[in-house]
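Report on one structure; see the data block that follows.
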Amino acid sequence: MLELILWLLAITISGLALSAALLAAVRVADRAEAAQRNDLPAPEAPWRFFATPYPVVPSRTPDLPVEVLLRRLEQHVRLEQAVAESFHLAPTVESLHRPTASPLVLH
Amino acid sequence: MSVIHCDLLTGLASDDAAAVLALGERLRLSANEVLFDIGDSADKLYLLRSGRIALTLPMQIGGRRQDAFTEERVPGQTLGWSALIPPWRFTLKASASVDSELVALSRTALLEHFVAHPHVGHVVGMNLAALIGQRLQVVQTMWLREMQQLVNVHV
């Protein structure tokens, strides 16, 4: 009788030990897998060469005729050039950043 | 053209300046006529006698190539100094804003004259360096202002 009890106890302990070992093995495997996942770089959005790295500000005049836009560009360049030339003659921080009345500059 | 008011010949004696001008040939352009285009071989330097010459660069606007204004030359100013700077290719398009008259100086004639008259070559070379340096500083300033504008919009 005692032998039977010991035998059942041994089987039970062995079963528990085996279960614990299996559970520990599963946990180790899970941790390794999780660590491996953490090592991988986070998925990123696909890189696009021509993508703007900052939010695009919508044009205030989206339907501007080309001729008008070219005239505004010319006006802008002339005004900026005049300021740049005056800066060149008397360079100061103030003259470097002197605003113009260019229609293409946002104030 | 008044020799005194030509930026390339500033500092030369009148005789020396007249001798340089004598190397050139007169050229007349009607309004909107193209003097040279971007990428053309640059074998001539131009001094503007009268009129106005617009310098432009191509931009893509609305899916089409458009000439965007870059600079304008007025009487007494030099244009086309790519003729004296390797690789001797024009990097802008030049066209007459109004009827204009110029003096065209060939690179070959100029360089031969400079070899024969080194003091003239020295003065013209220094004037050319001053013109290019001034343009560089103005363009640097304009570029910085554009970057500042970019920062103002996006930061």
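Starting from 1 in every chain, residues are counted up; chains themselves are A, B, ... following the order of the structure tokens, and ligands are numbered from 1 as listed.
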Could you list, as a PyMOL selection string, every residue of chain A that has an atom within 7 Å of an atom of chain B, counting only C-alpha atoms?
chain A and resi 70+74+77+80-81+84-85+88+97
Contact residues around B:Arg89 with only C-alpha atoms at 12 Å, ignoring same-chain residues under 5 positions, as a list in words:
Phe36, Asp37, Ile38, Gly39, Asp40, Ser41, Ala42, Asp43, Lys44, Leu45, Gly80, Trp81, Ser82, Ala83 and Leu84 of chain B
